[in-house]
Amino acid sequence: MHFSAGYVHGVCELSYDLRLMGSGVFPSGFRATQSQNNNLKWETTEQYNFGLDFTLFSSSIYGTFDTYIKNVKDMLINPAYLGSMGEGGASWLNGPSLRNWGMEFALGYRGTTDFGLRYNVNGNVDFFRQRVTYLPETTTGSYVHTAKQNLVEAKKPYGSIVGYVVDGLFQSREEVLAAGQENARVGGLKYADLDGNGIINEQDQTWIFNPVPNFSWGLNVDLGYKDFDFSMFWQGVAGQDVYNDQKFQTDFYSITDAGSNKGNRMLDAWTTANRGSDIPALTTNNVGNENRASTYFVENGSYAKLRQVQIGYNLPENLLKKVSMTSARIYVSGHNLLTLKSGSLTCSDPENPRWMYPNSTSFSFGIQTSF
């Protein structure tokens, strides 16, 4: 630590030059923000790849294949700590080790027809899998787990979630009394008794959310005829879980922001005259803790999206010569034009289940020139 001294109105002032800038102010005190960890080490990554690029039939068919295995060891984490540790209880630790492996395959076909249509169609499919391979005892409590399994024992990917399985809604007072579920209510969520002991508690939690989709895909189509060109790009994922936080506002009145505007799905909430609904009965008090993690909020987020469409026209050469241009192209394009999604998904966008900014639809017009 460096000290500096100076005189202000004849009074000697001593300051701490904490940043070695030749000046400083005398602080009123210090506090510990974290504790040291003498056993801390850098996380390490090992990756193995195998790839193949190929072309067939005079390059009209082309593609790539790539596969990989990636091991991450001793991830750096800053987990929560017991409040009894007091000030400075936070500390960096070496946490889980992961194994990622996956594959990507791309295939394209290009050429020109006898009547002059140019085409280039290519698509790709890829997937990856992940599981936690090691979890030190010092960090076990920082990650979700059931009463019997942690991430390693369940061979689950990083980011998996445990919760309760929703088994419909309570239809009568008799069902509520027989359920063994604390603060259950008629028309409320009924949680499955997975261990069969007649009581609903944390022992009935299981793995309900997998952050890794089955596979992702993309499709590009490029066409051209004379001076016109057309392109479009589709993209999607299959077998993807989403945790739909928007249901807190669209399906429940009391969980968050009671009294504020809500979604119109509430108009179809359960009542004695609407027993076929799967939306819980409305209440002003969340006594049943129905915002707990459960399968009610996990939905099928698979989708296919038309990301971009563009149509262009290249001005003819005889016209370009008159204005001293070498090329000029006018085009119009649209982005995020269409979304195909699962019929069971209740939010508007499978990429926006947690109140993030949506992918808006847009159109643009432009001119590309060179001289």
# chains A, B, ... in the order shown; residues from 1 in each chain; ligands from 1

$ residues_around --residues "range 212-224 of chain A" --least-positions-apart "4" --cutoff "9 Å" --atoms "only C-alpha atoms" --output "mmCIF file with N, CA and C atoms, in the first residue's frame"
data_model
loop_
_atom_site.group_PDB
_atom_site.id
_atom_site.type_symbol
_atom_site.label_atom_id
_atom_site.label_comp_id
_atom_site.auth_asym_id
_atom_site.auth_seq_id
_atom_site.Cartn_x
_atom_site.Cartn_y
_atom_site.Cartn_z
ATOM 1 N N GLY A 116 -32.333 -22.002 -67.858
ATOM 2 C CA GLY A 116 -31.606 -20.883 -67.279
ATOM 3 C C GLY A 116 -31.872 -20.571 -65.826
ATOM 4 N N LEU A 117 -32.598 -21.425 -65.120
ATOM 5 C CA LEU A 117 -32.852 -21.190 -63.698
ATOM 6 C C LEU A 117 -31.641 -21.639 -62.884
ATOM 7 N N ARG A 118 -31.066 -20.728 -62.132
ATOM 8 C CA ARG A 118 -29.946 -21.039 -61.252
ATOM 9 C C ARG A 118 -30.483 -21.388 -59.863
ATOM 10 N N TYR A 119 -29.926 -22.393 -59.248
ATOM 11 C CA TYR A 119 -30.425 -22.812 -57.942
ATOM 12 C C TYR A 119 -29.269 -23.275 -57.067
ATOM 13 N N ASN A 120 -29.436 -23.057 -55.787
ATOM 14 C CA ASN A 120 -28.496 -23.516 -54.768
ATOM 15 C C ASN A 120 -29.300 -23.739 -53.492
ATOM 16 N N VAL A 121 -29.536 -24.997 -53.185
ATOM 17 C CA VAL A 121 -30.335 -25.363 -52.013
ATOM 18 C C VAL A 121 -29.429 -26.120 -51.052
ATOM 19 N N ASN A 122 -29.340 -25.662 -49.826
ATOM 20 C CA ASN A 122 -28.506 -26.346 -48.843
ATOM 21 C C ASN A 122 -29.155 -26.296 -47.469
ATOM 22 N N GLY A 123 -28.929 -27.339 -46.732
ATOM 23 C CA GLY A 123 -29.489 -27.427 -45.389
ATOM 24 C C GLY A 123 -28.501 -28.054 -44.431
ATOM 25 N N ASN A 124 -28.777 -27.901 -43.161
ATOM 26 C CA ASN A 124 -27.904 -28.492 -42.142
ATOM 27 C C ASN A 124 -28.729 -28.967 -40.955
ATOM 28 N N VAL A 125 -28.234 -30.004 -40.328
ATOM 29 C CA VAL A 125 -28.821 -30.555 -39.106
ATOM 30 C C VAL A 125 -27.693 -30.715 -38.100
ATOM 31 N N ASP A 126 -27.936 -30.299 -36.876
ATOM 32 C CA ASP A 126 -26.904 -30.481 -35.854
ATOM 33 C C ASP A 126 -27.552 -30.793 -34.515
ATOM 34 N N PHE A 127 -26.818 -31.458 -33.688
ATOM 35 C CA PHE A 127 -27.283 -31.727 -32.337
ATOM 36 C C PHE A 127 -26.078 -31.747 -31.411
ATOM 37 N N PHE A 128 -26.332 -31.557 -30.136
ATOM 38 C CA PHE A 128 -25.291 -31.749 -29.137
ATOM 39 C C PHE A 128 -25.931 -32.321 -27.880
ATOM 40 N N ARG A 129 -25.146 -33.021 -27.138
ATOM 41 C CA ARG A 129 -25.584 -33.588 -25.866
ATOM 42 C C ARG A 129 -24.601 -33.152 -24.791
ATOM 43 N N GLN A 130 -25.085 -33.092 -23.590
ATOM 44 C CA GLN A 130 -24.234 -32.633 -22.493
ATOM 45 C C GLN A 130 -24.642 -33.346 -21.213
ATOM 46 N N PRO A 157 -27.905 -32.659 -18.163
ATOM 47 C CA PRO A 157 -27.098 -31.522 -18.625
ATOM 48 C C PRO A 157 -27.152 -30.364 -17.644
ATOM 49 N N GLY A 159 -27.976 -26.924 -16.246
ATOM 50 C CA GLY A 159 -29.154 -26.093 -16.468
ATOM 51 C C GLY A 159 -30.465 -26.836 -16.373
ATOM 52 N N SER A 160 -30.438 -28.141 -16.078
ATOM 53 C CA SER A 160 -31.670 -28.894 -15.878
ATOM 54 C C SER A 160 -32.395 -28.382 -14.631
ATOM 55 N N PHE A 228 -33.115 -11.556 -62.180
ATOM 56 C CA PHE A 228 -33.836 -11.641 -60.919
ATOM 57 C C PHE A 228 -33.179 -12.685 -60.005
ATOM 58 N N ASP A 229 -33.264 -12.434 -58.711
ATOM 59 C CA ASP A 229 -32.778 -13.404 -57.730
ATOM 60 C C ASP A 229 -33.732 -13.464 -56.545
ATOM 61 N N PHE A 230 -33.743 -14.606 -55.904
ATOM 62 C CA PHE A 230 -34.638 -14.846 -54.770
ATOM 63 C C PHE A 230 -33.900 -15.706 -53.751
ATOM 64 N N SER A 231 -34.049 -15.398 -52.477
ATOM 65 C CA SER A 231 -33.442 -16.211 -51.423
ATOM 66 C C SER A 231 -34.347 -16.243 -50.211
ATOM 67 N N MET A 232 -34.288 -17.351 -49.484
ATOM 68 C CA MET A 232 -35.000 -17.439 -48.206
ATOM 69 C C MET A 232 -34.231 -18.359 -47.272
ATOM 70 N N PHE A 233 -34.430 -18.131 -45.978
ATOM 71 C CA PHE A 233 -33.719 -18.884 -44.947
ATOM 72 C C PHE A 233 -34.700 -19.301 -43.866
ATOM 73 N N TRP A 234 -34.789 -20.620 -43.640
ATOM 74 C CA TRP A 234 -35.594 -21.191 -42.566
ATOM 75 C C TRP A 234 -34.665 -21.711 -41.473
ATOM 76 N N GLN A 235 -35.131 -21.647 -40.228
ATOM 77 C CA GLN A 235 -34.342 -22.155 -39.105
ATOM 78 C C GLN A 235 -35.298 -22.683 -38.050
ATOM 79 N N GLY A 236 -34.870 -23.739 -37.344
ATOM 80 C CA GLY A 236 -35.747 -24.268 -36.319
ATOM 81 C C GLY A 236 -35.033 -25.200 -35.365
ATOM 82 N N VAL A 237 -35.751 -25.579 -34.317
ATOM 83 C CA VAL A 237 -35.273 -26.562 -33.346
ATOM 84 C C VAL A 237 -36.406 -27.545 -33.066
ATOM 85 N N ALA A 238 -36.043 -28.749 -32.684
ATOM 86 C CA ALA A 238 -37.027 -29.779 -32.367
ATOM 87 C C ALA A 238 -36.721 -30.370 -31.000
ATOM 88 N N GLY A 239 -37.790 -30.726 -30.285
ATOM 89 C CA GLY A 239 -37.622 -31.341 -28.972
ATOM 90 C C GLY A 239 -37.024 -30.414 -27.943
ATOM 91 N N GLN A 240 -37.481 -29.171 -27.908
ATOM 92 C CA GLN A 240 -36.912 -28.185 -26.983
ATOM 93 C C GLN A 240 -37.898 -27.851 -25.876
ATOM 94 N N ASP A 241 -37.441 -27.926 -24.630
ATOM 95 C CA ASP A 241 -38.249 -27.475 -23.499
ATOM 96 C C ASP A 241 -38.109 -25.972 -23.322
ATOM 97 N N SER A 302 -40.541 -26.354 -29.526
ATOM 98 C CA SER A 302 -40.080 -26.629 -30.891
ATOM 99 C C SER A 302 -40.686 -25.609 -31.852
ATOM 100 N N ALA A 304 -40.315 -23.722 -36.151
ATOM 101 C CA ALA A 304 -39.693 -23.478 -37.454
ATOM 102 C C ALA A 304 -39.986 -22.033 -37.812
#

$ residues_around --residues "range 66-76 of chain A" --least-positions-apart "4" --cutoff "8 Å" --atoms "only C-alpha atoms" --output "JSON, numbers by chain"
{"A": [41, 42, 43, 44, 45, 46, 47, 48, 49, 50, 51, 52, 92, 93, 94, 95, 96, 97, 98, 99, 100, 101, 102, 103, 104, 105]}

$ select_by_dssp --residues "range 95-276 of chain A" --states "helix (DSSP H, G or I)" --output "MDAnalysis selection string"
chainID A and resid 137:142 151:154 173:179 202:204 247:250 264:268

$ atom_distance --atom1 "CA of Ile61 in chain A" --atom2 "CA of Thr112 in chain A"
12.7 Å

$ closest_residue --among "A:Leu20, A:Val332, A:Val242, A:Ile161" --to "Asn300 in chain A" --atoms "only C-alpha atoms"
A:Val242

$ closest_residue --among "A:Tyr225, A:Phe252, A:Tyr357, A:Tyr296" --to "Asp114 in chain A" --atoms "only C-alpha atoms"
A:Tyr225

$ closest_residue --among "A:Ser260, A:Tyr109, A:Ser333, A:Tyr253" --to "Ser60 in chain A" --atoms "only C-alpha atoms"
A:Tyr109

$ closest_atom_pairs --of "range 119-234 of chain A" --to "range 267-282 of chain A" --cutoff "7 Å" --atoms "only C-alpha atoms" --output "Markdown table"
| residue | atom | partner | partner_atom | distance |
| --- | --- | --- | --- | --- |
| A:Gly168 | CA | A:Asp278 | CA | 6.9 |
| A:Leu169 | CA | A:Pro280 | CA | 6.8 |
| A:Gly187 | CA | A:Ala281 | CA | 4.8 |
| A:Gly188 | CA | A:Pro280 | CA | 5.1 |
| A:Leu189 | CA | A:Pro280 | CA | 6.4 |

$ write_last_selection --atoms "N, CA and C atoms" --output "CSV table (one decimal), in the first residue's frame"
chain,number,residue,atom,x,y,z
A,168,GLY,N,-53.3,-32.3,-13.1
A,168,GLY,CA,-54.6,-31.8,-13.3
A,168,GLY,C,-55.0,-30.8,-12.2
A,169,LEU,N,-56.3,-30.5,-12.1
A,169,LEU,CA,-56.8,-29.6,-11.1
A,169,LEU,C,-57.7,-30.3,-10.1
A,187,GLY,N,-60.1,-26.3,-7.6
A,187,GLY,CA,-59.7,-25.6,-8.8
A,187,GLY,C,-58.2,-25.2,-8.9
A,188,GLY,N,-57.5,-25.6,-7.9
A,188,GLY,CA,-56.0,-25.3,-7.9
A,188,GLY,C,-55.2,-26.5,-8.5
A,189,LEU,N,-53.9,-26.2,-8.6
A,189,LEU,CA,-53.1,-27.2,-9.2
A,189,LEU,C,-52.9,-28.4,-8.2

$ residues_around --residues "Leu345 in chain A" --least-positions-apart "3" --cutoff "7 Å" --atoms "only C-alpha atoms" --output "PyMOL selection string"
chain A and resi 299-301+342

$ closest_residue --among "A:Gly88, A:Thr140, A:Thr55, A:His145" --to "Leu107 in chain A" --atoms "only C-alpha atoms"
A:Thr55

$ atom_distance --atom1 "CA of Gly288 in chain A" --atom2 "CA of Ser142 in chain A"
25.8 Å

$ closest_residue --among "A:Ala32, A:Ala106, A:Asp245, A:Thr361" --to "Phe54 in chain A" --atoms "only C-alpha atoms"
A:Ala106

$ residues_around --residues "Lys155 in chain A" --least-positions-apart "2" --cutoff "10 Å" --atoms "only C-alpha atoms" --output "ChimeraX atom specification"
/A:130-134,149-153,157-158

$ closest_residue --among "A:Gly198, A:Gly111, A:Pro350, A:Gly180" --to "Val298 in chain A" --atoms "only C-alpha atoms"
A:Pro350

$ residues_around --residues "range 351-356 of chain A" --least-positions-apart "3" --cutoff "9 Å" --atoms "only C-alpha atoms" --output "list of chain:residue names"
A:Val242, A:Tyr243, A:Asn244, A:Asp245, A:Gln246, A:Lys247, A:Gly301, A:Tyr303, A:Cys347, A:Ser348, A:Asn359

$ residues_around --residues "Ile330 in chain A" --least-positions-apart "2" --cutoff "12 Å" --atoms "only C-alpha atoms" --output "PDB file with N, CA and C atoms, in the first residue's frame"
ATOM      1  N   ASP A 227     -32.052 -11.592 -64.670  1.00  0.00           N
ATOM      2  CA  ASP A 227     -31.601 -10.527 -63.778  1.00  0.00           C
ATOM      3  C   ASP A 227     -32.287 -10.555 -62.417  1.00  0.00           C
ATOM      4  N   PHE A 228     -33.115 -11.556 -62.180  1.00  0.00           N
ATOM      5  CA  PHE A 228     -33.836 -11.641 -60.919  1.00  0.00           C
ATOM      6  C   PHE A 228     -33.179 -12.685 -60.005  1.00  0.00           C
ATOM      7  N   ASP A 229     -33.264 -12.434 -58.711  1.00  0.00           N
ATOM      8  CA  ASP A 229     -32.778 -13.404 -57.730  1.00  0.00           C
ATOM      9  C   ASP A 229     -33.732 -13.464 -56.545  1.00  0.00           C
ATOM     10  N   PHE A 230     -33.743 -14.606 -55.904  1.00  0.00           N
ATOM     11  CA  PHE A 230     -34.638 -14.846 -54.770  1.00  0.00           C
ATOM     12  C   PHE A 230     -33.900 -15.706 -53.751  1.00  0.00           C
ATOM     13  N   GLN A 310     -35.754 -12.552 -49.472  1.00  0.00           N
ATOM     14  CA  GLN A 310     -35.267 -11.386 -50.226  1.00  0.00           C
ATOM     15  C   GLN A 310     -35.462 -11.618 -51.720  1.00  0.00           C
ATOM     16  N   ILE A 311     -35.935 -10.588 -52.382  1.00  0.00           N
ATOM     17  CA  ILE A 311     -36.097 -10.594 -53.838  1.00  0.00           C
ATOM     18  C   ILE A 311     -35.302  -9.415 -54.399  1.00  0.00           C
ATOM     19  N   GLY A 312     -34.476  -9.690 -55.408  1.00  0.00           N
ATOM     20  CA  GLY A 312     -33.650  -8.638 -55.984  1.00  0.00           C
ATOM     21  C   GLY A 312     -33.713  -8.613 -57.500  1.00  0.00           C
ATOM     22  N   TYR A 313     -33.306  -7.474 -58.064  1.00  0.00           N
ATOM     23  CA  TYR A 313     -33.276  -7.306 -59.527  1.00  0.00           C
ATOM     24  C   TYR A 313     -32.034  -6.518 -59.890  1.00  0.00           C
ATOM     25  N   ASN A 314     -31.220  -7.082 -60.790  1.00  0.00           N
ATOM     26  CA  ASN A 314     -30.022  -6.402 -61.284  1.00  0.00           C
ATOM     27  C   ASN A 314     -30.356  -5.616 -62.545  1.00  0.00           C
ATOM     28  N   LEU A 315     -30.088  -4.327 -62.518  1.00  0.00           N
ATOM     29  CA  LEU A 315     -30.380  -3.487 -63.678  1.00  0.00           C
ATOM     30  C   LEU A 315     -29.533  -3.936 -64.868  1.00  0.00           C
ATOM     31  N   PRO A 316     -30.101  -3.899 -66.084  1.00  0.00           N
ATOM     32  CA  PRO A 316     -29.382  -4.358 -67.276  1.00  0.00           C
ATOM     33  C   PRO A 316     -28.172  -3.486 -67.599  1.00  0.00           C
ATOM     34  N   SER A 327     -22.485  -1.905 -61.794  1.00  0.00           N
ATOM     35  CA  SER A 327     -23.565  -2.784 -61.339  1.00  0.00           C
ATOM     36  C   SER A 327     -24.523  -2.005 -60.456  1.00  0.00           C
ATOM     37  N   ALA A 328     -25.757  -2.457 -60.461  1.00  0.00           N
ATOM     38  CA  ALA A 328     -26.785  -1.854 -59.596  1.00  0.00           C
ATOM     39  C   ALA A 328     -27.872  -2.895 -59.359  1.00  0.00           C
ATOM     40  N   VAL A 332     -35.831  -5.995 -52.029  1.00  0.00           N
ATOM     41  CA  VAL A 332     -36.738  -5.842 -50.895  1.00  0.00           C
ATOM     42  C   VAL A 332     -36.628  -7.127 -50.080  1.00  0.00           C
ATOM     43  N   SER A 333     -36.588  -6.994 -48.779  1.00  0.00           N
ATOM     44  CA  SER A 333     -36.419  -8.169 -47.919  1.00  0.00           C
ATOM     45  C   SER A 333     -37.299  -8.065 -46.687  1.00  0.00           C
ATOM     46  N   SER A 364     -37.418  -4.236 -45.406  1.00  0.00           N
ATOM     47  CA  SER A 364     -36.448  -3.222 -45.835  1.00  0.00           C
ATOM     48  C   SER A 364     -36.357  -3.206 -47.355  1.00  0.00           C
ATOM     49  N   PHE A 365     -35.960  -2.053 -47.862  1.00  0.00           N
ATOM     50  CA  PHE A 365     -35.769  -1.848 -49.294  1.00  0.00           C
ATOM     51  C   PHE A 365     -34.410  -1.182 -49.488  1.00  0.00           C
ATOM     52  N   GLY A 366     -33.676  -1.618 -50.479  1.00  0.00           N
ATOM     53  CA  GLY A 366     -32.341  -1.049 -50.673  1.00  0.00           C
ATOM     54  C   GLY A 366     -31.878  -1.088 -52.107  1.00  0.00           C
ATOM     55  N   ILE A 367     -30.787  -0.352 -52.336  1.00  0.00           N
ATOM     56  CA  ILE A 367     -30.134  -0.315 -53.650  1.00  0.00           C
ATOM     57  C   ILE A 367     -28.647  -0.519 -53.422  1.00  0.00           C
ATOM     58  N   GLN A 368     -28.066  -1.470 -54.129  1.00  0.00           N
ATOM     59  CA  GLN A 368     -26.625  -1.733 -54.067  1.00  0.00           C
ATOM     60  C   GLN A 368     -26.004  -1.333 -55.409  1.00  0.00           C
ATOM     61  N   THR A 369     -25.009  -0.450 -55.354  1.00  0.00           N
ATOM     62  CA  THR A 369     -24.418   0.050 -56.591  1.00  0.00           C
ATOM     63  C   THR A 369     -22.896   0.002 -56.515  1.00  0.00           C
TER      64      THR A 369
END
